[in-house]
Structure formats: C-alpha cells, structure tokens
>>> print(open('structure-v1.txt').read())   # compact mmCIF, C-alpha atoms
# COMPACT_ATOMS: atom_id res chain seq x y z
CA MET A 20 84.52 71.31 90.88
CA SER A 21 81.24 73.04 90.22
CA GLY A 22 77.90 71.52 91.28
CA SER A 23 76.79 71.08 87.69
CA ALA A 24 79.99 69.18 86.83
CA MET A 25 79.52 66.90 89.83
CA GLN A 26 75.90 66.28 88.86
CA LYS A 27 76.94 65.51 85.32
CA GLY A 28 79.66 63.16 86.49
CA GLY A 29 77.32 61.45 88.93
CA GLY A 30 74.66 61.02 86.22
CA SER A 31 77.18 59.50 83.84
CA SER A 32 78.37 57.08 86.49
CA LEU A 33 74.80 56.03 87.30
CA GLU A 34 74.04 55.55 83.62
CA GLN A 35 77.10 53.37 83.21
CA TYR A 36 76.06 51.28 86.21
CA TYR A 37 72.56 50.66 84.85
CA ARG A 38 73.89 49.95 81.37
CA SER A 39 76.36 47.42 82.81
CA HIS A 40 73.57 45.89 84.91
CA MET A 41 71.26 45.60 81.88
CA ASP A 42 74.04 44.01 79.82
CA SER A 43 74.58 41.49 82.60
CA LEU A 44 70.85 40.69 82.75
CA ALA A 45 70.71 40.33 78.96
CA LYS A 46 73.58 37.83 79.02
CA GLU A 47 71.95 35.89 81.84
CA ASN A 48 68.65 35.87 79.96
CA LYS A 49 70.41 34.53 76.87
CA VAL A 50 72.00 31.71 78.89
CA LEU A 51 68.66 30.83 80.50
CA ARG A 52 66.93 30.77 77.10
CA SER A 53 69.63 28.47 75.79
CA LYS A 54 69.18 26.13 78.75
CA LEU A 55 65.40 26.21 78.34
CA GLU A 56 65.64 25.31 74.65
CA ALA A 57 68.01 22.44 75.49
CA SER A 58 65.63 21.25 78.21
CA GLU A 59 62.63 21.38 75.85
CA LYS A 60 64.57 19.40 73.24
CA LYS A 61 65.44 16.74 75.82
CA SER A 62 61.80 16.65 76.90
CA GLN A 63 60.64 16.16 73.30
CA ASP A 64 63.25 13.43 72.76
CA LEU A 65 62.12 11.69 75.94
CA LEU A 66 58.47 11.93 74.93
CA ARG A 67 59.30 10.52 71.49
CA THR A 68 61.12 7.62 73.15
CA VAL A 69 58.16 6.95 75.44
CA ILE A 70 55.76 6.92 72.47
CA GLU A 71 58.02 4.57 70.50
CA LEU A 72 58.34 2.24 73.48
CA ASN A 73 54.59 2.41 74.02
CA THR A 74 54.03 1.45 70.39
CA LEU A 75 56.38 -1.53 70.64
CA LEU A 76 54.74 -2.75 73.85
CA ASN A 77 51.25 -2.45 72.44
CA THR A 78 52.31 -4.23 69.23
CA ALA A 79 53.73 -7.10 71.29
CA ALA A 80 50.57 -7.30 73.38
CA LYS A 81 48.32 -7.41 70.31
CA ARG A 82 50.27 -10.34 68.89
CA GLY A 83 48.93 -12.29 71.79
CA THR A 84 52.23 -13.72 72.97
CA GLY A 85 52.53 -11.57 76.05
CA GLN A 86 56.22 -12.50 76.14
CA GLY A 87 57.29 -9.36 74.34
CA LEU A 88 55.98 -7.16 77.11
CA LEU A 89 58.50 -5.55 79.41
CA ILE A 90 55.79 -5.01 82.04
CA GLN A 91 53.86 -8.16 82.79
CA PRO A 92 50.52 -8.13 84.62
CA ARG A 93 51.02 -9.64 88.08
CA GLU A 94 49.22 -10.52 91.25
CA VAL A 95 49.51 -8.36 94.35
CA THR A 96 52.17 -9.78 96.69
CA LYS A 97 51.40 -10.67 100.32
CA GLU A 98 53.74 -7.91 101.47
CA GLU A 99 51.89 -5.30 99.36
CA GLU A 100 48.56 -6.62 100.60
CA GLY A 101 49.82 -6.35 104.20
CA VAL A 102 50.87 -2.72 103.68
CA ALA A 103 47.45 -1.95 102.21
CA ARG A 104 45.68 -3.61 105.15
CA ASP A 105 47.79 -1.63 107.65
CA ARG A 106 46.92 1.59 105.85
CA LEU A 107 43.25 0.62 105.82
CA ALA A 108 43.43 -0.06 109.57
CA LYS A 109 44.76 3.48 110.10
CA LEU A 110 41.90 4.89 108.05
CA ASN A 111 39.43 2.94 110.18
CA GLY A 112 41.03 4.05 113.45
CA LYS A 113 39.54 6.84 115.52
CA VAL A 114 42.91 8.32 116.46
CA GLN A 115 44.90 10.30 113.92
CA SER A 116 48.07 8.48 112.91
CA SER A 117 51.59 9.89 112.59
CA ASP A 118 51.26 10.20 108.80
CA GLY A 119 48.31 12.57 109.11
CA ILE A 120 45.58 10.08 108.16
CA SER A 121 42.52 10.22 110.39
CA ALA A 122 39.21 8.37 110.51
CA PRO A 123 36.30 9.42 108.29
CA ALA A 124 33.90 11.96 109.78
CA ASP A 125 31.14 9.38 110.36
CA ASN A 126 33.61 6.82 111.81
CA LYS A 127 32.36 4.14 109.42
CA PRO A 128 35.14 1.72 108.43
CA PHE A 129 36.51 1.51 104.90
CA THR A 130 36.26 -1.94 103.37
CA GLU A 131 37.11 -3.35 99.95
CA ASP A 132 33.87 -3.68 98.02
CA CYS A 133 35.20 -5.33 94.88
CA ARG A 134 38.39 -5.82 92.88
CA MET A 135 38.24 -5.39 89.10
CA LYS A 136 40.67 -7.34 86.94
CA GLY A 137 40.96 -7.32 83.18
CA HIS A 138 43.41 -4.67 82.00
CA ALA A 139 46.76 -5.93 80.76
CA GLY A 140 48.61 -2.75 81.68
CA ALA A 141 48.66 0.28 83.96
CA VAL A 142 45.34 2.06 84.48
CA TYR A 143 45.63 5.80 83.74
CA CYS A 144 42.09 7.07 84.31
CA VAL A 145 39.02 6.07 86.32
CA LYS A 146 35.61 7.79 86.09
CA PHE A 147 32.20 7.02 87.57
CA ALA A 148 29.25 7.75 85.33
CA GLY A 149 27.96 10.33 87.78
CA GLY A 150 24.96 10.72 90.03
CA LYS A 151 24.04 7.47 91.72
CA SER A 152 25.24 5.34 88.82
CA HIS A 153 27.01 2.08 89.59
CA LEU A 154 28.96 2.09 86.31
CA LEU A 155 32.69 2.82 86.31
CA ALA A 156 34.88 3.39 83.24
CA THR A 157 38.66 2.95 83.06
CA GLY A 158 41.34 3.68 80.46
CA SER A 159 44.63 1.83 80.29
CA PHE A 160 48.12 1.35 78.90
CA ASP A 161 46.70 -1.67 77.04
CA SER A 162 44.83 0.76 74.69
CA THR A 163 41.38 -0.31 75.87
CA VAL A 164 38.49 1.38 77.64
CA ARG A 165 36.52 -0.85 79.98
CA VAL A 166 33.19 -0.40 81.75
CA TRP A 167 32.51 -2.11 85.07
CA ASP A 168 29.41 -2.62 87.20
CA VAL A 169 30.39 -2.15 90.84
CA ASP A 170 26.95 -3.33 92.00
CA LYS A 171 27.75 -6.71 90.47
CA GLY A 172 31.06 -7.23 92.21
CA GLY A 173 33.04 -5.22 89.66
CA LYS A 174 31.88 -7.28 86.68
CA GLU A 175 33.27 -6.10 83.34
CA THR A 176 30.33 -5.18 81.08
CA LEU A 177 32.19 -3.71 78.09
CA CYS A 178 35.69 -3.74 76.60
CA LEU A 179 36.08 -1.02 73.97
CA ARG A 180 38.94 -1.57 71.53
CA GLY A 181 40.04 0.86 68.84
CA HIS A 182 42.88 3.03 70.09
CA ASN A 183 46.39 2.12 69.00
CA LEU A 184 48.15 3.48 72.08
CA SER A 185 47.51 4.13 75.77
CA VAL A 186 44.24 5.75 76.81
CA LEU A 187 44.94 8.83 78.96
CA ASP A 188 41.49 10.25 79.72
CA ILE A 189 37.81 9.36 79.55
CA ALA A 190 34.54 11.26 80.02
CA TRP A 191 30.92 10.19 80.37
CA ALA A 192 28.08 11.79 78.39
CA PRO A 193 25.46 13.39 80.66
CA ASP A 194 22.88 10.72 79.73
CA MET A 195 25.49 7.93 80.16
CA SER A 196 24.74 6.56 76.69
CA HIS A 197 28.16 7.48 75.30
CA LEU A 198 31.73 7.62 76.52
CA LEU A 199 34.64 9.74 75.29
CA SER A 200 38.25 8.57 75.28
CA GLY A 201 41.49 10.33 74.37
CA ALA A 202 44.79 8.57 73.74
CA TYR A 203 48.48 8.73 72.95
CA ASP A 204 47.66 7.95 69.30
CA GLY A 205 46.24 11.48 68.90
CA THR A 206 42.62 10.41 68.53
CA VAL A 207 39.41 11.10 70.43
CA LYS A 208 36.72 8.42 70.20
CA LEU A 209 33.04 8.75 71.04
CA TRP A 210 31.79 5.30 72.03
CA ASP A 211 28.17 4.19 71.72
CA LEU A 212 27.65 2.06 74.82
CA HIS A 213 24.57 0.39 73.34
CA THR A 214 26.55 -1.09 70.45
CA GLY A 215 30.03 -1.11 72.00
CA SER A 216 31.53 0.57 68.93
CA ALA A 217 33.08 3.94 68.15
CA ALA A 218 30.37 6.19 66.72
CA VAL A 219 32.82 9.01 66.00
CA THR A 220 36.61 9.20 65.74
CA LYS A 221 38.35 12.57 65.65
CA HIS A 222 42.03 13.26 65.03
CA ALA A 223 43.98 15.91 66.91
CA GLU A 224 47.45 17.40 66.69
CA GLY A 225 49.63 15.81 69.34
CA ILE A 226 48.87 13.45 72.21
CA VAL A 227 45.38 13.85 73.67
CA GLN A 228 45.84 14.38 77.41
CA THR A 229 42.41 15.51 78.56
CA ILE A 230 38.84 15.52 77.19
CA SER A 231 35.47 16.87 78.24
CA PHE A 232 31.91 17.19 76.99
CA ASP A 233 30.37 20.62 76.56
CA PRO A 234 28.06 20.93 79.61
CA ASN A 235 25.37 22.62 77.46
CA ASP A 236 25.56 20.45 74.35
CA PRO A 237 26.72 16.79 74.42
CA ARG A 238 27.23 16.90 70.65
CA ILE A 239 30.25 19.11 71.31
CA PHE A 240 33.38 18.05 73.14
CA PHE A 241 36.87 19.37 73.79
CA ALA A 242 40.36 17.89 73.80
CA GLY A 243 43.59 19.28 75.24
CA THR A 244 46.81 18.14 73.56
CA THR A 245 50.57 18.30 73.95
CA GLN A 246 50.65 20.91 71.17
CA SER A 247 49.42 23.58 73.62
CA LYS A 248 45.97 23.56 72.02
CA ILE A 249 42.40 23.13 73.16
CA ILE A 250 40.40 21.66 70.30
CA LEU A 251 36.64 21.85 69.88
CA PHE A 252 34.90 19.00 68.05
CA ASP A 253 31.30 18.92 66.86
CA THR A 254 29.77 15.53 66.01
CA ARG A 255 27.48 17.27 63.51
CA SER A 256 30.46 18.37 61.43
CA PRO A 257 30.11 17.24 57.79
CA ASP A 258 33.84 16.60 57.68
CA GLY A 259 34.06 12.81 57.64
CA SER A 260 37.84 12.84 58.03
CA GLY A 261 37.50 13.72 61.69
CA VAL A 262 39.80 16.76 61.52
CA GLU A 263 39.21 19.29 64.31
CA ASP A 264 36.57 21.91 63.65
CA ARG A 265 38.23 24.73 65.52
CA VAL A 266 41.54 25.21 67.28
CA ARG A 267 41.89 27.55 70.23
CA PRO A 268 45.37 28.46 71.56
CA SER A 269 45.76 27.48 75.19
CA HIS A 270 46.22 30.28 77.70
CA PHE A 271 47.53 27.99 80.43
>>> encode(input="structure-v1.txt", output="structure tokens")
Amino acid sequence: MSGSAMQKGGGSSLEQYYRSHMDSLAKENKVLRSKLEASEKKSQDLLRTVIELNTLLNTAAKRGTGQGLLIQPREVTKEEEGVARDRLAKLNGKVQSSDGISAPADNKPFTEDCRMKGHAGAVYCVKFAGGKSHLLATGSFDSTVRVWDVDKGGKETLCLRGHNLSVLDIAWAPDMSHLLSGAYDGTVKLWDLHTGSAAVTKHAEGIVQTISFDPNDPRIFFAGTTQSKIILFDTRSPDGSGVEDRVRPSHF
C-alpha cells in the first residue's frame, strides 16, 4: 500500500474516532442538561413549598394563638447550656484544644455580656450599627426587625413590623438614622429609626436575599434577589409604586 493511501486511511480513522468521541460528549452533555433542569425544577418546587409554609406559620403567629406554629419558641435546656459553657471554657483556655479552638491573642476570657430575647422565631441576620455604636439590629423568621442596646443589657429599643414574611438581611445607614431590611415577601423597607416606621417600601422580583447601601450616597441602595438580579433603588425616584429603578443582570 502506498504511503499516501496509508496516510489517507489513517486520517479517516482519526476523523472517525474524534467524531465518535464528540457524539459521545454531546450525548453526555444532553443527559447532564436534562438532570440539571430536573434539579432546578425540584429546587424551585422546594423553595415554593418553603415560602408557602413560611406564609402559613407567619399567619398563625399573627393571629396571636401561637398554637398554630410548628416551631415554638423555647428556653435553652441545661444540656445545651452545659455544652456552651464547655465550649466557652475551651475558648478561655491557654492551650489549644483538639477541635482546633485556641485562646484569644490577648488571653482575655470570653464572657456572656447579655442575652436578648424577643423574637418569636429563628434569627437570620445580626448587624451592629458600626464604629463604636452599642446598637444591634436583628432580622427574624417572625417577620420583624428589632433594635437592641447592648450597653443596657440587651434592652430592646425598637420592634419594626411591616414585612409579611421572614427577614433575611438588614443594613445600617452610615449615619445610623435609618435601617434597611429585605425579606421573603420580595420587599425592601427603609426604616426611619426616629419614628419607627417604614419611610420607603420598594418591591423586587423574587425573594430579597441581600441588601446594601451605596457607600457614596445613602439615598441609593441595592438588593440581590433569587431571580439572579441586582436591583438599584433610589429613594428620590418619583415612582410611588416602589418598582425598581434599574435592573442589572448578576454576573455571579
């Protein structure tokens, strides 16, 4: 067989191999896409179930009976308190423990300063006001945002009500006069801490998972949602309906 014939035969064989390999990869890609779509559908169904359950629980809580709640507020058990004390003892110790926890750099012991009670459900977010402020804000499953004064033994100074579902994130204004909150109900609220009321309410597409003030202009804030969007809101917007001013696709 001539050299050219062998080369031609070899090239054809190599081409067939790559074509077969590409066909195999295409089939595998198709199967993976199908599995991904099924997984996303299950995830959406699960999220819808969680939201529906959340709505039912919040409705029961607002009726004031407390008996309709599947998750009841409870006191910390002695066993749980003992575990916490043991862990605190390890943190206070000078020798590194088996679980990798060592003493603070200055060897000062950790002690419980105050315990804040008031929320009727799980607490999802906790934020200090910043700087040397003694004010702490929390957002909860009970749909409320609460402000506490840690210098006064964790005294509750404000309870902000207005969301219909769980509060997932909060953010302090730079001057600490306002507080942002984002929730499962798809709204972002700007609270005036002098009056204790919502000065602005904005509506977003999807569940609001994270919020933040613009570092250069507190009249502007952002919200990230489950719809893969980062939304910019401007409190000066003439649109009284609270619809987002601009939508930016997320690159994350």
>>> residues_around(input="structure-v1.txt", residues="stretch 172-181 of chain A", least_positions_apart="3", cutoff="12 Å", atoms="only C-alpha atoms", output="PyMOL selection string")
chain A and resi 81+131-138+153-159+161-169+184-186+189+197-202+204+206-220
>>> residues_around(input="structure-v1.txt", residues="stretch 225-235 of chain A", least_positions_apart="2", cutoff="7 Å", atoms="only C-alpha atoms", output="list in words")
Leu187, Asp188, Ile189, Ala190, Ala192, Gly201, Ala202, Tyr203, Asp204, Gly205, Thr206, Ala223, Pro237, Ile239, Phe240, Phe241, Ala242, Gly243, Thr244, Thr245 and Gln246 of chain A
>>> atom_distance(input="structure-v1.txt", atom1="atom CA of A:Asp194", atom2="atom CA of A:Asp236")
11.4 Å
>>> decode(input="structure-v1.txt", residues="stretch 197-208 of chain A", atoms="all heavy atoms", output="CSV table (one decimal), in the first residue's frame")
chain,number,residue,atom,x,y,z
A,197,HIS,N,-31.2,55.4,59.8
A,197,HIS,CA,-32.2,54.5,59.0
A,197,HIS,C,-31.6,53.1,59.0
A,197,HIS,O,-30.4,52.9,59.2
A,197,HIS,CB,-32.4,55.0,57.6
A,197,HIS,CG,-33.2,56.3,57.6
A,197,HIS,ND1,-32.6,57.5,57.9
A,197,HIS,CD2,-34.5,56.5,57.2
A,197,HIS,CE1,-33.6,58.5,57.7
A,197,HIS,NE2,-34.7,57.9,57.3
A,198,LEU,N,-32.5,52.2,58.7
A,198,LEU,CA,-32.1,50.8,58.6
A,198,LEU,C,-32.9,50.2,57.4
A,198,LEU,O,-34.0,50.4,57.2
A,198,LEU,CB,-32.6,50.1,59.9
A,198,LEU,CG,-32.0,48.7,60.2
A,198,LEU,CD1,-30.5,48.7,60.4
A,198,LEU,CD2,-32.7,48.1,61.5
A,199,LEU,N,-32.1,49.4,56.7
A,199,LEU,CA,-32.7,48.7,55.5
A,199,LEU,C,-33.0,47.2,55.9
A,199,LEU,O,-32.3,46.6,56.7
A,199,LEU,CB,-31.7,48.6,54.4
A,199,LEU,CG,-31.7,49.7,53.3
A,199,LEU,CD1,-30.6,49.4,52.3
A,199,LEU,CD2,-33.0,49.9,52.6
A,200,SER,N,-34.1,46.7,55.4
A,200,SER,CA,-34.4,45.3,55.6
A,200,SER,C,-35.0,44.7,54.3
A,200,SER,O,-35.7,45.3,53.6
A,200,SER,CB,-35.4,45.1,56.7
A,200,SER,OG,-36.6,45.7,56.4
A,201,GLY,N,-34.5,43.4,54.0
A,201,GLY,CA,-35.0,42.7,52.8
A,201,GLY,C,-35.6,41.4,53.3
A,201,GLY,O,-35.1,40.8,54.2
A,202,ALA,N,-36.7,40.9,52.6
A,202,ALA,CA,-37.4,39.8,53.1
A,202,ALA,C,-37.9,38.8,52.1
A,202,ALA,O,-37.8,39.1,50.9
A,202,ALA,CB,-38.6,40.3,54.0
A,203,TYR,N,-38.4,37.7,52.5
A,203,TYR,CA,-39.0,36.7,51.7
A,203,TYR,C,-40.2,37.2,50.9
A,203,TYR,O,-40.5,36.7,49.8
A,203,TYR,CB,-39.5,35.5,52.5
A,203,TYR,CG,-38.6,34.3,52.5
A,203,TYR,CD1,-37.8,34.0,53.6
A,203,TYR,CD2,-38.7,33.4,51.5
A,203,TYR,CE1,-37.0,32.9,53.7
A,203,TYR,CE2,-37.9,32.3,51.5
A,203,TYR,CZ,-37.0,32.0,52.6
A,203,TYR,OH,-36.2,30.9,52.6
A,204,ASP,N,-40.9,38.2,51.4
A,204,ASP,CA,-42.0,38.8,50.7
A,204,ASP,C,-41.7,39.6,49.5
A,204,ASP,O,-42.6,40.2,48.8
A,204,ASP,CB,-42.9,39.6,51.6
A,204,ASP,CG,-42.2,40.8,52.3
A,204,ASP,OD1,-41.1,41.1,51.8
A,204,ASP,OD2,-42.8,41.3,53.2
A,205,GLY,N,-40.4,39.7,49.1
A,205,GLY,CA,-40.0,40.4,47.9
A,205,GLY,C,-39.9,41.9,48.1
A,205,GLY,O,-39.9,42.6,47.1
A,206,THR,N,-39.9,42.4,49.3
A,206,THR,CA,-39.8,43.9,49.5
A,206,THR,C,-38.6,44.3,50.3
A,206,THR,O,-38.0,43.5,51.0
A,206,THR,CB,-41.0,44.4,50.4
A,206,THR,OG1,-41.0,43.8,51.7
A,206,THR,CG2,-42.4,44.0,49.7
A,207,VAL,N,-38.2,45.5,50.0
A,207,VAL,CA,-37.1,46.1,50.7
A,207,VAL,C,-37.7,47.4,51.5
A,207,VAL,O,-38.4,48.2,50.8
A,207,VAL,CB,-36.0,46.6,49.8
A,207,VAL,CG1,-34.8,47.3,50.6
A,207,VAL,CG2,-35.4,45.4,49.0
A,208,LYS,N,-37.5,47.5,52.8
A,208,LYS,CA,-38.0,48.6,53.5
A,208,LYS,C,-36.9,49.4,54.1
A,208,LYS,O,-35.9,48.9,54.6
A,208,LYS,CB,-38.9,48.1,54.6
A,208,LYS,CG,-40.2,47.5,54.1
A,208,LYS,CD,-41.2,47.1,55.2
A,208,LYS,CE,-42.5,46.5,54.7
A,208,LYS,NZ,-43.3,47.5,54.1
